>>> print(open('protein.cif').read())   # mmCIF, C-alpha atoms
data_run
#
loop_
_atom_site.label_atom_id
_atom_site.label_comp_id
_atom_site.auth_asym_id
_atom_site.auth_seq_id
_atom_site.Cartn_x
_atom_site.Cartn_y
_atom_site.Cartn_z
CA MET A 1 41.30 -13.52 -45.62
CA VAL A 2 42.59 -15.57 -42.68
CA ASP A 3 40.11 -18.25 -41.70
CA ARG A 4 40.27 -17.94 -37.92
CA VAL A 5 39.20 -20.77 -35.62
CA TYR A 6 37.10 -20.15 -32.53
CA ARG A 7 35.78 -22.13 -29.61
CA ALA A 8 32.55 -21.30 -27.75
CA ALA A 9 32.54 -20.60 -24.02
CA PRO A 10 32.17 -23.71 -21.83
CA PRO A 11 28.51 -24.82 -21.65
CA ASP A 12 27.96 -23.63 -18.08
CA ALA A 13 29.70 -20.28 -18.53
CA LEU A 14 26.87 -18.44 -20.24
CA ARG A 15 23.24 -17.91 -19.35
CA ILE A 16 21.36 -16.93 -22.50
CA GLU A 17 17.89 -15.40 -22.26
CA PRO A 18 16.02 -14.28 -25.40
CA LEU A 19 14.09 -11.05 -24.71
CA GLY A 20 12.12 -10.35 -27.86
CA GLU A 21 14.37 -8.75 -30.46
CA LEU A 22 17.33 -8.71 -28.07
CA THR A 23 19.10 -11.59 -26.40
CA ALA A 24 20.65 -11.05 -22.97
CA VAL A 25 23.76 -13.09 -22.28
CA PHE A 26 25.11 -13.29 -18.73
CA ASP A 27 28.75 -14.40 -18.59
CA ARG A 28 29.30 -16.11 -15.23
CA ARG A 29 33.07 -15.77 -15.58
CA SER A 30 33.15 -12.00 -15.95
CA MET A 31 29.72 -11.33 -14.29
CA GLN A 32 28.99 -9.11 -17.28
CA THR A 33 25.69 -8.84 -19.13
CA HIS A 34 25.87 -8.59 -22.92
CA LEU A 35 22.95 -7.66 -25.13
CA VAL A 36 23.21 -9.07 -28.61
CA ILE A 37 21.00 -9.27 -31.69
CA SER A 38 20.64 -11.79 -34.48
CA PRO A 39 22.70 -13.50 -35.82
CA LEU A 40 24.96 -13.59 -32.74
CA PRO A 41 22.68 -15.87 -30.66
CA GLU A 42 22.30 -18.22 -33.66
CA ILE A 43 26.07 -18.32 -34.12
CA LEU A 44 26.60 -19.09 -30.43
CA ALA A 45 23.97 -21.82 -30.53
CA MET A 46 25.53 -23.42 -33.61
CA MET A 47 29.10 -23.52 -32.34
CA GLY A 48 28.72 -26.43 -29.94
CA ASN A 49 31.77 -27.40 -27.95
CA GLU A 50 34.25 -27.91 -30.75
CA ALA A 51 36.72 -25.53 -32.28
CA VAL A 52 35.24 -24.28 -35.50
CA SER A 53 36.51 -22.07 -38.30
CA ALA A 54 34.60 -19.07 -39.57
CA SER A 55 34.26 -20.61 -43.04
CA SER A 56 32.89 -23.94 -41.84
CA LEU A 57 30.44 -22.18 -39.52
CA ALA A 58 29.36 -19.98 -42.43
CA GLY A 59 28.74 -23.13 -44.47
CA ARG A 60 26.55 -24.61 -41.70
CA LEU A 61 24.61 -21.38 -41.27
CA ALA A 62 24.10 -21.04 -45.03
CA ALA A 63 22.76 -24.60 -45.18
CA ASP A 64 20.49 -24.19 -42.14
CA PHE A 65 19.05 -20.82 -43.11
CA ASP A 66 19.13 -21.39 -46.87
CA LEU A 67 21.30 -18.31 -47.50
CA ASP A 68 22.51 -17.14 -50.87
CA GLY A 69 25.93 -15.74 -51.72
CA GLU A 70 28.14 -17.95 -49.59
CA GLY A 71 31.17 -15.68 -49.92
CA ASP A 72 29.34 -12.81 -48.21
CA VAL A 73 28.09 -15.10 -45.48
CA ALA A 74 31.67 -16.13 -44.71
CA VAL A 75 32.74 -12.50 -44.32
CA LEU A 76 29.70 -11.72 -42.18
CA VAL A 77 30.27 -14.73 -39.92
CA ALA A 78 33.98 -13.91 -39.58
CA ASP A 79 33.07 -10.34 -38.52
CA ARG A 80 30.44 -11.52 -36.03
CA LEU A 81 32.81 -14.09 -34.55
CA ALA A 82 35.38 -11.34 -34.09
CA GLU A 83 32.71 -9.32 -32.23
CA LEU A 84 31.85 -12.29 -30.02
CA ALA A 85 35.55 -12.75 -29.30
CA ALA A 86 35.86 -9.08 -28.37
CA LEU A 87 33.00 -9.58 -25.87
CA GLY A 88 34.78 -12.65 -24.50
CA LEU A 89 31.88 -14.93 -25.43
CA VAL A 90 34.00 -17.04 -27.77
CA GLY A 91 37.75 -17.57 -27.74
CA GLU A 92 40.11 -17.68 -30.68
CA VAL A 93 41.97 -20.97 -30.80
CA MET B 1 27.26 11.30 17.40
CA ARG B 2 25.52 13.91 19.52
CA HIS B 3 22.05 13.26 18.15
CA SER B 4 20.73 10.15 16.51
CA THR B 5 17.59 8.30 15.54
CA ARG B 6 16.52 4.97 14.04
CA ILE B 7 14.03 4.72 11.18
CA ALA B 8 12.80 1.67 9.25
CA VAL B 9 11.71 2.34 5.68
CA GLY B 10 10.56 -0.89 4.05
CA PRO B 11 13.22 -3.53 4.78
CA VAL B 12 15.96 -0.97 5.47
CA GLN B 13 16.83 -0.04 9.07
CA PHE B 14 18.56 3.32 9.12
CA ARG B 15 20.65 4.81 11.88
CA ILE B 16 21.05 8.53 11.38
CA GLY B 17 23.48 10.52 13.47
CA SER B 18 23.99 14.27 13.42
CA ASP B 19 26.10 16.97 15.01
CA TRP B 20 22.95 19.08 15.21
CA ARG B 21 19.55 18.44 16.75
CA ALA B 22 17.47 20.13 14.02
CA PRO B 23 17.80 17.56 11.17
CA ILE B 24 17.07 14.69 13.60
CA ALA B 25 14.03 16.51 14.99
CA ALA B 26 12.76 17.13 11.45
CA LEU B 27 13.23 13.45 10.55
CA GLU B 28 11.50 12.28 13.72
CA LYS B 29 8.53 14.43 12.84
CA LEU B 30 8.31 13.13 9.26
CA TYR B 31 8.83 9.53 10.30
CA ALA B 32 6.85 9.57 13.57
CA ALA B 33 4.51 6.80 12.38
CA TYR B 34 7.31 4.52 11.12
CA PRO B 35 8.73 1.69 13.18
CA GLY B 36 11.89 2.92 14.86
CA GLU B 37 13.99 1.06 17.43
CA ASP B 38 14.85 -2.45 16.42
CA ALA B 39 16.80 -5.17 18.15
CA ARG B 40 18.86 -5.91 15.07
CA PRO B 41 21.75 -3.72 13.94
CA ALA B 42 21.09 -0.97 11.44
CA ASP B 43 21.52 -1.81 7.75
CA ALA B 44 22.63 1.66 6.79
CA THR B 45 24.28 4.48 8.69
CA VAL B 46 24.03 8.14 7.76
CA ARG B 47 26.16 10.76 9.42
CA LEU B 48 25.59 14.49 9.19
CA PHE B 49 28.65 16.25 10.47
CA ALA B 50 30.47 19.54 10.62
CA ALA B 51 33.79 19.63 8.79
CA ARG B 52 35.40 21.53 11.70
CA PRO B 53 34.09 21.66 15.27
CA TRP B 54 33.43 25.42 15.14
CA ARG B 55 31.36 24.96 11.98
CA ARG B 56 28.63 23.49 14.15
CA TRP B 57 27.81 27.12 15.01
CA LEU B 58 29.65 29.38 12.59
CA ARG B 59 27.98 29.25 9.15
CA PRO B 60 27.03 25.68 9.94
CA SER B 61 27.35 23.43 6.92
CA VAL B 62 26.28 19.81 6.84
CA HIS B 63 28.55 17.16 5.36
CA ILE B 64 26.96 13.85 4.47
CA GLY B 65 28.75 10.69 5.50
CA GLY B 66 28.04 7.09 6.35
CA ASP B 67 29.04 3.61 5.24
CA PHE B 68 29.40 4.96 1.71
CA VAL B 69 30.48 8.45 0.73
CA VAL B 70 30.52 10.36 -2.50
CA PRO B 71 33.75 12.30 -2.84
CA ASP B 72 33.34 15.94 -3.87
CA ALA B 73 29.75 16.12 -2.57
CA LEU B 74 29.24 19.72 -1.49
CA PRO B 75 28.00 20.35 2.04
CA LEU B 76 24.57 21.92 2.54
CA PRO B 77 23.63 24.77 4.88
CA LEU B 78 22.07 23.65 8.16
CA SER B 79 18.70 25.03 7.02
CA MET B 80 18.74 22.18 4.50
CA GLY B 81 19.75 19.57 7.06
CA LEU B 82 16.62 17.54 6.35
CA LEU B 83 17.55 17.40 2.66
CA ALA B 84 21.06 16.33 3.62
CA ALA B 85 19.60 13.53 5.75
CA GLU B 86 17.35 12.39 2.92
CA MET B 87 20.21 12.49 0.41
CA GLY B 88 22.34 10.49 2.84
CA MET B 89 19.61 7.87 3.28
CA ASN B 90 19.16 7.53 -0.48
CA LEU B 91 22.89 7.28 -1.00
CA GLN B 92 23.38 4.51 1.55
CA VAL B 93 20.58 2.45 -0.01
CA ALA B 94 21.63 3.12 -3.60
CA LEU B 95 25.24 2.15 -2.97
CA GLY B 96 24.97 -0.40 -0.20
CA TRP B 97 21.81 -2.46 -0.51
CA ARG B 98 22.32 -6.03 -1.78
CA ARG B 99 19.33 -8.02 -0.56
CA HIS B 100 17.03 -6.88 -3.36
CA MET B 101 17.39 -5.44 -6.80
CA LEU B 102 16.99 -1.73 -6.41
CA LEU B 103 15.15 0.17 -9.12
CA HIS B 104 15.19 3.94 -9.29
CA ALA B 105 11.43 3.98 -9.72
CA SER B 106 8.26 4.95 -7.93
CA ALA B 107 5.50 2.41 -7.37
CA VAL B 108 1.88 2.15 -6.34
CA ALA B 109 -0.21 -0.92 -5.62
CA LYS B 110 -3.83 -2.00 -5.73
CA ASP B 111 -5.36 -5.42 -5.09
CA GLY B 112 -1.95 -7.00 -4.55
CA CYS B 113 -0.61 -5.78 -7.92
CA ALA B 114 2.05 -3.11 -8.43
CA VAL B 115 2.59 -0.47 -11.08
CA ILE B 116 6.26 0.45 -11.29
CA LEU B 117 7.12 3.85 -12.80
CA SER B 118 10.70 4.33 -13.89
CA GLY B 119 12.05 7.60 -15.21
CA GLU B 120 14.57 10.34 -14.89
CA SER B 121 14.12 13.25 -12.55
CA GLY B 122 11.43 15.44 -14.15
CA SER B 123 9.51 12.51 -15.68
CA GLY B 124 6.80 13.04 -13.10
CA LYS B 125 7.11 9.55 -11.58
CA SER B 126 7.16 10.89 -8.00
CA THR B 127 4.22 13.25 -8.50
CA LEU B 128 2.11 10.61 -10.23
CA ALA B 129 2.80 8.09 -7.47
CA ALA B 130 2.05 10.66 -4.76
CA LEU B 131 -1.23 11.68 -6.41
CA LEU B 132 -2.32 8.06 -6.96
CA GLY B 133 -1.36 7.36 -3.34
CA GLU B 134 -3.91 9.94 -2.24
CA GLY B 135 -6.64 8.03 -4.09
CA ASP B 136 -7.40 4.32 -3.90
CA TRP B 137 -3.80 3.21 -4.47
CA ARG B 138 -1.23 2.32 -1.87
CA LEU B 139 1.93 4.39 -2.28
CA MET B 140 4.91 2.01 -2.27
CA GLY B 141 7.57 4.63 -2.84
CA ASP B 142 8.42 7.73 -4.82
CA GLU B 143 12.12 7.03 -5.42
CA PHE B 144 13.10 3.37 -5.02
CA THR B 145 11.31 0.10 -5.63
CA LEU B 146 12.90 -3.17 -4.50
CA ILE B 147 12.56 -6.45 -6.39
CA ASP B 148 13.01 -9.69 -4.46
CA PRO B 149 15.29 -11.90 -6.59
CA ALA B 150 13.85 -15.07 -5.05
CA THR B 151 10.16 -14.41 -5.71
CA GLY B 152 10.08 -11.61 -8.28
CA ASP B 153 7.83 -9.59 -5.96
CA ALA B 154 8.09 -5.83 -5.56
CA LEU B 155 8.74 -4.42 -2.09
CA ALA B 156 7.91 -0.93 -0.92
CA PHE B 157 10.35 1.74 0.16
CA PRO B 158 7.88 4.41 1.28
CA ARG B 159 10.22 7.14 2.48
CA ALA B 160 8.70 10.60 2.85
CA VAL B 161 7.85 11.76 -0.68
CA SER B 162 10.15 14.47 -1.93
CA LEU B 163 7.84 16.95 -3.67
CA LYS B 164 9.59 19.39 -5.94
CA ASN B 165 8.58 22.79 -7.31
CA GLU B 166 5.12 22.71 -8.99
CA ALA B 167 4.27 19.35 -7.41
CA ILE B 168 4.30 21.01 -3.97
CA GLY B 169 1.23 23.13 -4.71
CA GLU B 170 -0.53 20.31 -6.51
CA ILE B 171 -0.26 17.97 -3.53
CA ALA B 172 -0.62 20.60 -0.80
CA ALA B 173 -4.07 21.43 -2.18
CA ARG B 174 -5.18 17.83 -1.53
CA VAL B 175 -3.69 16.82 1.80
CA ASP B 176 -3.85 17.82 5.43
CA ALA B 177 -1.12 20.35 6.26
CA GLY B 178 0.05 18.08 9.06
CA ARG B 179 1.32 15.61 6.48
CA LEU B 180 3.71 18.12 4.93
CA GLY B 181 7.23 18.86 6.12
CA PRO B 182 8.81 22.31 6.14
CA LEU B 183 9.33 24.08 2.80
CA LEU B 184 12.99 23.88 1.80
CA ALA B 185 13.28 26.76 -0.63
CA GLY B 186 16.12 27.22 -3.10
CA THR B 187 17.86 23.87 -2.65
CA PRO B 188 20.17 22.60 -5.42
CA LYS B 189 17.07 20.71 -6.69
CA GLY B 190 14.73 23.72 -6.44
CA ASP B 191 12.02 24.01 -3.81
CA ILE B 192 11.41 20.81 -1.86
CA ARG B 193 8.72 19.82 0.58
CA HIS B 194 8.21 16.36 2.01
CA LEU B 195 4.91 14.54 2.11
CA ILE B 196 4.33 11.92 4.80
CA PRO B 197 2.77 8.87 3.11
CA ARG B 198 -0.66 7.85 4.33
CA ALA B 199 -0.72 5.73 7.46
CA ASP B 200 -2.10 2.71 5.56
CA ALA B 201 0.85 2.86 3.12
CA VAL B 202 3.31 2.87 6.03
CA ALA B 203 1.44 0.08 7.83
CA ALA B 204 1.51 -2.11 4.70
CA MET B 205 5.13 -1.40 3.78
CA HIS B 206 6.33 -4.95 4.44
CA GLU B 207 3.70 -6.60 2.23
CA PRO B 208 5.21 -7.84 -1.04
CA VAL B 209 3.28 -7.12 -4.22
CA ARG B 210 3.24 -8.77 -7.65
CA PRO B 211 4.51 -6.43 -10.41
CA ALA B 212 1.66 -6.00 -12.91
CA LEU B 213 2.79 -3.10 -15.07
CA LEU B 214 6.05 -1.35 -15.93
CA LEU B 215 5.67 2.25 -17.05
CA PHE B 216 8.29 4.67 -18.34
CA PRO B 217 6.62 8.08 -18.00
CA ARG B 218 7.61 11.25 -19.80
CA PHE B 219 5.99 14.48 -18.66
CA GLY B 220 5.02 16.93 -21.42
CA GLY B 221 3.60 16.54 -24.90
CA GLU B 222 0.46 14.87 -26.14
CA THR B 223 -0.98 11.85 -24.38
CA ALA B 224 0.66 8.78 -25.91
CA ILE B 225 1.11 5.09 -25.14
CA GLU B 226 4.03 3.21 -26.63
CA PRO B 227 4.23 -0.55 -26.02
CA MET B 228 7.78 -1.50 -25.10
CA GLY B 229 9.53 -4.77 -25.92
CA GLU B 230 11.17 -6.95 -23.30
CA GLY B 231 14.65 -6.08 -24.55
CA GLU B 232 14.19 -2.32 -24.28
CA ALA B 233 12.56 -2.61 -20.85
CA PHE B 234 15.52 -4.75 -19.74
CA VAL B 235 18.05 -2.19 -20.96
CA ARG B 236 16.20 0.71 -19.34
CA LEU B 237 15.86 -1.09 -16.02
CA THR B 238 19.54 -2.04 -15.91
CA GLU B 239 20.18 1.68 -16.25
CA ALA B 240 17.59 2.46 -13.58
CA SER B 241 19.05 -0.03 -11.11
CA THR B 242 21.77 1.13 -8.79
CA ASN B 243 22.87 -2.38 -7.80
CA TYR B 244 22.18 -4.54 -10.86
CA ILE B 245 25.87 -5.18 -11.51
CA ALA B 246 26.66 -5.86 -7.86
CA LEU B 247 23.94 -8.52 -7.64
CA GLY B 248 25.45 -10.67 -10.41
CA GLU B 249 23.40 -13.57 -11.75
CA PRO B 250 20.49 -13.25 -9.27
CA GLY B 251 20.02 -9.69 -10.56
CA PHE B 252 20.13 -10.90 -14.16
CA ALA B 253 17.56 -13.58 -13.41
CA ALA B 254 15.29 -11.18 -11.52
CA LEU B 255 15.36 -8.61 -14.29
CA THR B 256 14.76 -11.06 -17.15
CA ARG B 257 11.84 -12.49 -15.20
CA LEU B 258 10.43 -9.03 -14.46
CA VAL B 259 10.45 -7.87 -18.10
CA ARG B 260 9.05 -11.19 -19.36
CA GLU B 261 6.18 -11.36 -16.92
CA THR B 262 5.27 -7.68 -16.82
CA PRO B 263 3.84 -5.67 -19.73
CA ALA B 264 5.81 -2.45 -20.32
CA PHE B 265 4.84 0.87 -21.89
CA GLY B 266 6.36 4.27 -22.46
CA ILE B 267 3.78 6.96 -21.71
CA SER B 268 3.70 10.67 -22.43
CA TYR B 269 1.21 12.98 -20.75
CA PRO B 270 0.58 16.73 -20.68
CA ASP B 271 -0.63 16.99 -17.07
CA SER B 272 -1.09 14.92 -13.93
CA ALA B 273 -4.76 14.15 -14.57
CA ALA B 274 -3.91 12.66 -17.98
CA GLY B 275 -1.01 10.71 -16.48
CA MET B 276 -3.19 9.24 -13.74
CA ALA B 277 -5.84 8.28 -16.30
CA LEU B 278 -3.19 6.46 -18.36
CA VAL B 279 -2.03 4.50 -15.32
CA GLU B 280 -5.61 3.48 -14.48
CA GLN B 281 -6.35 2.50 -18.10
CA LEU B 282 -3.19 0.43 -18.61
CA PHE B 283 -3.55 -1.21 -15.19
CA ALA B 284 -7.11 -2.26 -16.00
CA GLU B 285 -5.96 -3.67 -19.37
CA ALA B 286 -2.99 -5.49 -17.83
CA ARG B 287 -5.24 -7.28 -15.34
CA ARG B 288 -7.86 -8.29 -17.86
#
>>> encode(input="protein.cif", output="structure tokens")
Amino acid sequence: MVDRVYRAAPPDALRIEPLGELTAVFDRRSMQTHLVISPLPEILAMMGNEAVSASSLAGRLAADFDLDGEGDVAVLVADRLAELAALGLVGEV
Amino acid sequence: MRHSTRIAVGPVQFRIGSDWRAPIAALEKLYAAYPGEDARPADATVRLFAARPWRRWLRPSVHIGGDFVVPDALPLPLSMGLLAAEMGMNLQVALGWRRHMLLHASAVAKDGCAVILSGESGSGKSTLAALLGEGDWRLMGDEFTLIDPATGDALAFPRAVSLKNEAIGEIAARVDAGRLGPLLAGTPKGDIRHLIPRADAVAAMHEPVRPALLLFPRFGGETAIEPMGEGEAFVRLTEASTNYIALGEPGFAALTRLVRETPAFGISYPDSAAGMALVEQLFAEARR
């Protein structure tokens, strides 16, 4: 599997508002509203401003949330990052 | 245009022009108690016109125009000119208004607090609002409710209530005949008859109200109350808003605030009495 590297949107580009089980994300660049569910908000929050690979992000998430089966987490995070990239909320470097 | 009038409904100043006198006369009767002439320019223009000059007399059919038009909209016979005018007014507001977030929802208010009822056509939102507006509630509107992005307050849009089919008899039994418009039978939406809101609702139409309750009614079936999460209410209201996307971030902020601060419920009810009782019950609980 290719370990793709992504960068989060600039800090002032997104307005993120948790609404119970959903999180509404307003992208000021596209003026679009996205509704996402866990773990996408957690992934966005964890990315910071640096370019980060799916595997290293999976490692951080696994450590923070005490997840088992690291291999599966890496696949899951890679898939979710691809979804976020499709929404334009993260960019592939 | 040959005939024209000015009508203010809530914050919207309409200018309505027509090739025929009849629709303007009908509007002036329905909206006699509303403020009319205003020094400022109209916010929305509606034009009712004949496609060809001779069609003013020969099988007259009313085309709806204005600042915004819907291509392919079929013209209506002149006997339904009032309906054409109403559709034109709704269209201009739905497509053109930017000052507030526009929700396709009815609303009623009591003690400075609003209940907003959002639902598809047939959900009973108009009938419930009209019936409550005949009791100790102030009718804010049967079709659109405006949310001020700056304050989060709800603003009224108390156009003449468009009663449809069974609702006509239900309301006609309770109000003075002078408050009902002509019966428009067999329109594309069934039978329609307009109800003039009570004078106190018209007089108070500029008073902003705090949203206290968001309801998503469904007519038919057993009485049921379903608490609704902020996320689902947000999604439903984006769908119920005609200008959410156009407003950009202020719309996003207004809507997130509205669903966070206002309890939301889906309600089902078998008849109007049960629906009204649910509104009263949930309103009392929300204000506790």
>>> resolve_selection(input="protein.cif", expression="the PyMOL selection byres ((chain B and resi 254) around 9)", output="list of chain:residue names")
B:Met101, B:Ile147, B:Asp148, B:Pro149, B:Ala150, B:Thr151, B:Gly152, B:Glu249, B:Pro250, B:Gly251, B:Phe252, B:Ala253, B:Leu255, B:Thr256, B:Arg257, B:Leu258, B:Val259
>>> resolve_selection(input="protein.cif", expression="the PyMOL selection byres ((chain A) within 10 of (chain B))", output="JSON, numbers by chain")
{"A": [15, 17, 18, 19, 20, 21, 22, 23, 24, 25, 26, 27, 28, 30, 31, 32, 33, 35, 36]}
>>> resolve_selection(input="protein.cif", expression="the PyMOL selection byres ((chain A and resi 10) around 12)", output="ChimeraX atom specification")
/A:7-9,11-15,27-29,44,47-51,88-91
>>> atom_distance(input="protein.cif", atom1="atom CA of Ser53 of chain A", atom2="atom CA of Pro39 of chain A")
16.4 Å
>>> residues_around(input="protein.cif", residues="Ile196 of chain B", least_positions_apart="5", cutoff="9 Å", atoms="only C-alpha atoms", output="ChimeraX atom specification")
/B:30-31,159-161,178-181
>>> atom_distance(input="protein.cif", atom1="atom CA of Gly220 of chain B", atom2="atom CA of Pro158 of chain B")
26.1 Å
>>> closest_residue(input="protein.cif", among="B:Ser118, B:Ser272, B:Gln92, B:Ser162", to="Phe219 of chain B", atoms="only C-alpha atoms")
B:Ser272
>>> axis_aligned_box(input="protein.cif", around="segment 48-56 of chain A", padding_each_side="5 Å", output="AutoDock Vina command-line options")
--center_x 32.7 --center_y -23.5 --center_z -35.5 --size_x 18.0 --size_y 18.8 --size_z 25.1
>>> closest_residue(input="protein.cif", among="A:Ile16, A:Val5, A:Val52, A:Leu40", to="Glu92 of chain A", atoms="all atoms listed in the file")
A:Val5
>>> residues_around(input="protein.cif", residues="Gly135 of chain B", least_positions_apart="6", cutoff="12 Å", atoms="only C-alpha atoms", output="PDB file with C-alpha atoms, in the coordinates of the input")
ATOM      1  CA  VAL B 108       1.880   2.150  -6.340  1.00  0.00           C
ATOM      2  CA  ALA B 109      -0.210  -0.920  -5.620  1.00  0.00           C
ATOM      3  CA  LYS B 110      -3.830  -2.000  -5.730  1.00  0.00           C
ATOM      4  CA  LEU B 128       2.110  10.610 -10.230  1.00  0.00           C
ATOM      5  CA  ALA B 129       2.800   8.090  -7.470  1.00  0.00           C
ATOM      6  CA  ILE B 171      -0.260  17.970  -3.530  1.00  0.00           C
ATOM      7  CA  ARG B 174      -5.180  17.830  -1.530  1.00  0.00           C
ATOM      8  CA  VAL B 175      -3.690  16.820   1.800  1.00  0.00           C
ATOM      9  CA  PRO B 197       2.770   8.870   3.110  1.00  0.00           C
ATOM     10  CA  ARG B 198      -0.660   7.850   4.330  1.00  0.00           C
ATOM     11  CA  ASP B 200      -2.100   2.710   5.560  1.00  0.00           C
ATOM     12  CA  ALA B 201       0.850   2.860   3.120  1.00  0.00           C
ATOM     13  CA  MET B 276      -3.190   9.240 -13.740  1.00  0.00           C
ATOM     14  CA  GLU B 280      -5.610   3.480 -14.480  1.00  0.00           C
TER      15      GLU B 280
END
>>> atom_distance(input="protein.cif", atom1="atom CA of Arg210 of chain B", atom2="atom CA of Ile116 of chain B")
10.4 Å
>>> closest_residue(input="protein.cif", among="B:Ala177, B:Leu76, B:Ala286, B:Val115", to="Leu215 of chain B", atoms="all atoms listed in the file")
B:Val115
